[in-house]
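Everything on this sheet refers to the single structure shown next.
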Amino acid sequence: MTELIRFAQAGKRYRLGDTFMDALQDVDLGIDSESFVVLCGPSGSGKSTLLNLAGLLDEPTSGAIWMDGKPTAGMGHGQRADIRNRRIGFIFQHFNLVPVLTALENTMLPLQIGGASRREAAVEAERLLESVGLAEHRHKRPDLLSGGQRQRVAIARALVTRPSIIIADEPTANLDSTTAGQIVARMRELNQREHVTFLMATHDESLIQGNASRRLRMRDGRIVEDEVLS
């Protein structure tokens, strides 16, 4: 495995009126390619902040972040957007699907934004919908799908550009426990089969057993525990 992302004494500070809040403090962390890393910790512990920095959605106020051995500091908005489109997939807890598009069209969208033809996008989208067990539902819009099915569409959409890493922020928060377990197991299966790195935040540590390769526990903006699981 090679190191995909490196946090070097990274911190993030926000101004709240006349005071400051340190959402992330002095984080030293390496994320290896093809790993399945889970962030645990209570609300406000810094999980979402770390994910936003890893996904180039935000920039640290101290320290540095490296991707593929290259510093992200000084990158312009266009360069960061290009890396996000080509190298990073995102899965959100509220699915973020376009309601007027079918499952297939939602999955095709990132490829079409990147310039692929409709036919090229459809072929890859159909392959991924089949891989998440939704081939027979590909022509349904989100309002005709269950929560678990919608999240599987979101997973397929995140994978469609063949990214190096998928960042998932509480992807099972709106699902029942059985469906949540199925979703995370499916993500782990795709991690192993597609060789894509997963970095996921969750409140539910029961989902980790048998799925994650590494667990990071956060508190008050710091990583307080780092455990290799498999």
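Just remember, in the structure tokens the first chain shown is A, the second B, etc., residues are 1-based per chain, and ligands are 1-based in the order shown.
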
Backbone-only DSSP, strand (DSSP E or B) members of chain A, as a VMD selection string: chain A and resid 3 to 16 19 to 32 36 to 40 62 to 67 70 to 71 88 to 92 165 to 169 197 to 202 214 to 219 222 to 228

Residues from the last selection, C-alpha atoms, saved as a PDB file, in the first residue's frame:
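Result written to out.pdb:
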ATOM      1  CA  GLU A   3       0.107   6.620   1.426  1.00  0.00           C
ATOM      2  CA  LEU A   4      -2.709   8.521  -0.241  1.00  0.00           C
ATOM      3  CA  ILE A   5      -3.286  11.411   2.181  1.00  0.00           C
ATOM      4  CA  ARG A   6      -1.012  12.861   4.861  1.00  0.00           C
ATOM      5  CA  PHE A   7      -2.067  15.311   7.591  1.00  0.00           C
ATOM      6  CA  ALA A   8       0.971  17.057   9.118  1.00  0.00           C
ATOM      7  CA  GLN A   9       0.172  18.950  12.341  1.00  0.00           C
ATOM      8  CA  ALA A  10      -3.073  20.019  10.642  1.00  0.00           C
ATOM      9  CA  GLY A  11      -5.503  22.261  12.483  1.00  0.00           C
ATOM     10  CA  LYS A  12      -8.704  24.119  11.693  1.00  0.00           C
ATOM     11  CA  ARG A  13      -9.843  27.161  13.647  1.00  0.00           C
ATOM     12  CA  TYR A  14     -13.153  28.975  13.202  1.00  0.00           C
ATOM     13  CA  ARG A  15     -14.034  32.440  14.411  1.00  0.00           C
ATOM     14  CA  LEU A  16     -17.280  32.672  16.371  1.00  0.00           C
ATOM     15  CA  THR A  19     -13.912  34.007  20.144  1.00  0.00           C
ATOM     16  CA  PHE A  20     -12.261  31.159  18.284  1.00  0.00           C
ATOM     17  CA  MET A  21     -13.067  27.470  18.160  1.00  0.00           C
ATOM     18  CA  ASP A  22     -10.447  24.842  17.347  1.00  0.00           C
ATOM     19  CA  ALA A  23     -12.388  22.186  15.404  1.00  0.00           C
ATOM     20  CA  LEU A  24      -9.203  20.253  14.618  1.00  0.00           C
ATOM     21  CA  GLN A  25      -5.915  20.387  16.496  1.00  0.00           C
ATOM     22  CA  ASP A  26      -2.428  19.171  15.537  1.00  0.00           C
ATOM     23  CA  VAL A  27      -3.543  16.115  13.583  1.00  0.00           C
ATOM     24  CA  ASP A  28      -0.740  13.868  12.306  1.00  0.00           C
ATOM     25  CA  LEU A  29      -2.282  11.145  10.192  1.00  0.00           C
ATOM     26  CA  GLY A  30      -1.578   9.055   7.114  1.00  0.00           C
ATOM     27  CA  ILE A  31      -4.306   7.311   5.101  1.00  0.00           C
ATOM     28  CA  ASP A  32      -3.060   4.377   3.038  1.00  0.00           C
ATOM     29  CA  PHE A  36     -11.129   1.223   5.053  1.00  0.00           C
ATOM     30  CA  VAL A  37     -10.727   3.791   7.819  1.00  0.00           C
ATOM     31  CA  VAL A  38     -13.548   4.714  10.199  1.00  0.00           C
ATOM     32  CA  LEU A  39     -13.677   7.855  12.336  1.00  0.00           C
ATOM     33  CA  CYS A  40     -15.569   7.510  15.621  1.00  0.00           C
ATOM     34  CA  SER A  62      -2.371  25.477  10.453  1.00  0.00           C
ATOM     35  CA  GLY A  63      -0.161  22.605   9.412  1.00  0.00           C
ATOM     36  CA  ALA A  64      -0.364  20.969   5.999  1.00  0.00           C
ATOM     37  CA  ILE A  65      -2.166  18.293   4.006  1.00  0.00           C
ATOM     38  CA  TRP A  66      -0.540  16.257   1.242  1.00  0.00           C
ATOM     39  CA  MET A  67      -2.248  14.135  -1.411  1.00  0.00           C
ATOM     40  CA  LYS A  70       2.004  16.665  -3.186  1.00  0.00           C
ATOM     41  CA  PRO A  71       1.092  19.592  -0.909  1.00  0.00           C
ATOM     42  CA  ILE A  88     -12.525  11.799  -4.691  1.00  0.00           C
ATOM     43  CA  GLY A  89     -16.044  10.413  -4.302  1.00  0.00           C
ATOM     44  CA  PHE A  90     -18.494  11.613  -1.646  1.00  0.00           C
ATOM     45  CA  ILE A  91     -21.357   9.838   0.143  1.00  0.00           C
ATOM     46  CA  PHE A  92     -23.651  11.947   2.336  1.00  0.00           C
ATOM     47  CA  ILE A 165     -10.820   7.609  -2.186  1.00  0.00           C
ATOM     48  CA  ILE A 166     -14.456   7.794  -1.114  1.00  0.00           C
ATOM     49  CA  ILE A 167     -15.339  10.050   1.805  1.00  0.00           C
ATOM     50  CA  ALA A 168     -18.530   9.114   3.648  1.00  0.00           C
ATOM     51  CA  ASP A 169     -19.931  11.382   6.364  1.00  0.00           C
ATOM     52  CA  THR A 197      -9.977   3.722  -0.215  1.00  0.00           C
ATOM     53  CA  PHE A 198     -12.851   4.523   2.154  1.00  0.00           C
ATOM     54  CA  LEU A 199     -12.741   7.163   4.891  1.00  0.00           C
ATOM     55  CA  MET A 200     -16.001   7.095   6.844  1.00  0.00           C
ATOM     56  CA  ALA A 201     -17.353   8.869   9.914  1.00  0.00           C
ATOM     57  CA  THR A 202     -19.986   7.217  12.090  1.00  0.00           C
ATOM     58  CA  ARG A 214      -8.646   0.797  10.966  1.00  0.00           C
ATOM     59  CA  ARG A 215     -10.512   2.816  13.599  1.00  0.00           C
ATOM     60  CA  LEU A 216      -9.654   6.381  14.624  1.00  0.00           C
ATOM     61  CA  ARG A 217     -11.341   7.753  17.727  1.00  0.00           C
ATOM     62  CA  MET A 218     -11.657  11.538  17.973  1.00  0.00           C
ATOM     63  CA  ARG A 219     -12.325  13.874  20.861  1.00  0.00           C
ATOM     64  CA  ARG A 222      -7.815  15.427  18.253  1.00  0.00           C
ATOM     65  CA  ILE A 223      -7.203  11.793  17.392  1.00  0.00           C
ATOM     66  CA  VAL A 224      -7.046  10.051  20.766  1.00  0.00           C
ATOM     67  CA  GLU A 225      -6.939   6.441  19.561  1.00  0.00           C
ATOM     68  CA  ASP A 226      -5.663   4.762  16.400  1.00  0.00           C
ATOM     69  CA  GLU A 227      -6.343   1.017  16.135  1.00  0.00           C
ATOM     70  CA  VAL A 228      -5.607  -1.363  13.263  1.00  0.00           C
TER      71      VAL A 228
END

Out of stretch 43-226 of chain A, which residues get alpha helix (DSSP H) from DSSP, as a ChimeraX atom specification? /A:47-54,77-87,103-113,118-131,147-159,177-194

Output of the above residues as a PDB file, in the first residue's frame, restricted to C-alpha atoms:
ATOM      1  CA  LYS A  47     -14.927  14.100  12.385  1.00  0.00           C
ATOM      2  CA  SER A  48     -16.700  16.183   9.720  1.00  0.00           C
ATOM      3  CA  THR A  49     -13.947  18.803   9.783  1.00  0.00           C
ATOM      4  CA  LEU A  50     -11.320  16.139   9.121  1.00  0.00           C
ATOM      5  CA  LEU A  51     -13.403  14.706   6.270  1.00  0.00           C
ATOM      6  CA  ASN A  52     -13.864  18.153   4.707  1.00  0.00           C
ATOM      7  CA  LEU A  53     -10.118  18.724   4.764  1.00  0.00           C
ATOM      8  CA  ALA A  54      -9.371  15.266   3.339  1.00  0.00           C
ATOM      9  CA  HIS A  77     -10.314  26.556  -6.583  1.00  0.00           C
ATOM     10  CA  GLY A  78     -10.214  25.117 -10.104  1.00  0.00           C
ATOM     11  CA  GLN A  79      -7.381  22.719  -9.315  1.00  0.00           C
ATOM     12  CA  ARG A  80      -9.073  21.528  -6.113  1.00  0.00           C
ATOM     13  CA  ALA A  81     -12.375  21.051  -7.958  1.00  0.00           C
ATOM     14  CA  ASP A  82     -10.626  19.042 -10.664  1.00  0.00           C
ATOM     15  CA  ILE A  83      -9.025  16.724  -8.092  1.00  0.00           C
ATOM     16  CA  ARG A  84     -12.370  16.285  -6.322  1.00  0.00           C
ATOM     17  CA  ASN A  85     -14.049  15.367  -9.610  1.00  0.00           C
ATOM     18  CA  ARG A  86     -11.372  12.886 -10.697  1.00  0.00           C
ATOM     19  CA  ARG A  87      -9.927  11.463  -7.486  1.00  0.00           C
ATOM     20  CA  ALA A 103     -31.045   5.956 -10.403  1.00  0.00           C
ATOM     21  CA  LEU A 104     -29.142   5.417 -13.643  1.00  0.00           C
ATOM     22  CA  GLU A 105     -29.103   9.119 -14.535  1.00  0.00           C
ATOM     23  CA  ASN A 106     -27.983  10.099 -11.016  1.00  0.00           C
ATOM     24  CA  THR A 107     -25.112   7.617 -11.255  1.00  0.00           C
ATOM     25  CA  MET A 108     -24.119   8.829 -14.724  1.00  0.00           C
ATOM     26  CA  LEU A 109     -24.039  12.495 -13.715  1.00  0.00           C
ATOM     27  CA  PRO A 110     -20.429  12.840 -12.444  1.00  0.00           C
ATOM     28  CA  LEU A 111     -19.078  11.241 -15.626  1.00  0.00           C
ATOM     29  CA  GLN A 112     -21.159  13.520 -17.840  1.00  0.00           C
ATOM     30  CA  ILE A 113     -19.996  16.567 -15.880  1.00  0.00           C
ATOM     31  CA  ARG A 118     -24.010   9.644 -22.486  1.00  0.00           C
ATOM     32  CA  ARG A 119     -23.306   6.140 -23.808  1.00  0.00           C
ATOM     33  CA  GLU A 120     -19.963   5.843 -21.991  1.00  0.00           C
ATOM     34  CA  ALA A 121     -21.520   7.128 -18.771  1.00  0.00           C
ATOM     35  CA  ALA A 122     -24.485   4.754 -19.050  1.00  0.00           C
ATOM     36  CA  VAL A 123     -22.271   1.674 -19.494  1.00  0.00           C
ATOM     37  CA  GLU A 124     -20.209   2.420 -16.383  1.00  0.00           C
ATOM     38  CA  ALA A 125     -23.259   3.486 -14.348  1.00  0.00           C
ATOM     39  CA  GLU A 126     -25.112   0.274 -15.197  1.00  0.00           C
ATOM     40  CA  ARG A 127     -22.084  -1.794 -14.146  1.00  0.00           C
ATOM     41  CA  LEU A 128     -21.950  -0.094 -10.764  1.00  0.00           C
ATOM     42  CA  LEU A 129     -25.697  -0.239 -10.146  1.00  0.00           C
ATOM     43  CA  GLU A 130     -25.486  -3.966 -10.786  1.00  0.00           C
ATOM     44  CA  SER A 131     -22.561  -4.212  -8.337  1.00  0.00           C
ATOM     45  CA  GLY A 147     -33.649   4.755   2.005  1.00  0.00           C
ATOM     46  CA  GLY A 148     -31.211   1.871   1.696  1.00  0.00           C
ATOM     47  CA  GLN A 149     -31.671   1.748  -2.071  1.00  0.00           C
ATOM     48  CA  ARG A 150     -31.090   5.489  -2.360  1.00  0.00           C
ATOM     49  CA  GLN A 151     -27.883   5.189  -0.384  1.00  0.00           C
ATOM     50  CA  ARG A 152     -26.729   2.385  -2.689  1.00  0.00           C
ATOM     51  CA  VAL A 153     -27.339   4.702  -5.654  1.00  0.00           C
ATOM     52  CA  ALA A 154     -25.209   7.297  -3.855  1.00  0.00           C
ATOM     53  CA  ILE A 155     -22.446   4.701  -3.428  1.00  0.00           C
ATOM     54  CA  ALA A 156     -22.569   3.805  -7.124  1.00  0.00           C
ATOM     55  CA  ARG A 157     -22.460   7.505  -8.042  1.00  0.00           C
ATOM     56  CA  ALA A 158     -19.421   8.030  -5.776  1.00  0.00           C
ATOM     57  CA  LEU A 159     -17.593   5.153  -7.479  1.00  0.00           C
ATOM     58  CA  SER A 177     -29.811  -0.724  11.942  1.00  0.00           C
ATOM     59  CA  THR A 178     -30.279  -3.715   9.633  1.00  0.00           C
ATOM     60  CA  THR A 179     -30.069  -1.627   6.461  1.00  0.00           C
ATOM     61  CA  ALA A 180     -27.134   0.343   7.897  1.00  0.00           C
ATOM     62  CA  GLY A 181     -25.204  -2.868   8.461  1.00  0.00           C
ATOM     63  CA  GLN A 182     -25.931  -4.009   4.908  1.00  0.00           C
ATOM     64  CA  ILE A 183     -24.770  -0.674   3.470  1.00  0.00           C
ATOM     65  CA  VAL A 184     -21.437  -0.692   5.330  1.00  0.00           C
ATOM     66  CA  ALA A 185     -20.847  -4.348   4.419  1.00  0.00           C
ATOM     67  CA  ARG A 186     -21.476  -3.440   0.779  1.00  0.00           C
ATOM     68  CA  MET A 187     -18.985  -0.554   1.057  1.00  0.00           C
ATOM     69  CA  ARG A 188     -16.356  -2.896   2.511  1.00  0.00           C
ATOM     70  CA  GLU A 189     -16.988  -5.382  -0.310  1.00  0.00           C
ATOM     71  CA  LEU A 190     -16.492  -2.621  -2.880  1.00  0.00           C
ATOM     72  CA  ASN A 191     -13.384  -1.422  -1.052  1.00  0.00           C
ATOM     73  CA  GLN A 192     -11.859  -4.861  -1.490  1.00  0.00           C
ATOM     74  CA  ARG A 193     -13.120  -5.536  -5.027  1.00  0.00           C
ATOM     75  CA  GLU A 194     -12.661  -2.065  -6.582  1.00  0.00           C
TER      76      GLU A 194
END

Would you work out the distance separating atom CA of A:Asp68 from atom CA of A:Gly46, expressed in Å to one decimal? 23.3 Å

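Here the question is which of A:Ser35, A:Lys140, A:Val196, A:Thr72 gets nearest to A:Leu229 using only C-alpha atoms, and that residue is A:Ser35.
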
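Comparing A:Gly69, A:Ala135, A:Pro171, A:Gly115 by their smallest distance to A:Asn96, the closest is A:Pro171 (using only C-alpha atoms).
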
Interatomic distance between atom CA of A:His137 and atom CA of A:Leu101? 12.5 Å

Point-to-point distance in Å for atom CA of A:Pro142 and atom CA of A:Gln93: 14.4 Å

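The shortest atom-to-atom distance to A:Glu34, with only C-alpha atoms taken into account, belongs to A:Met1 out of A:Ala73, A:Met1, A:Ala116, A:Ile208.
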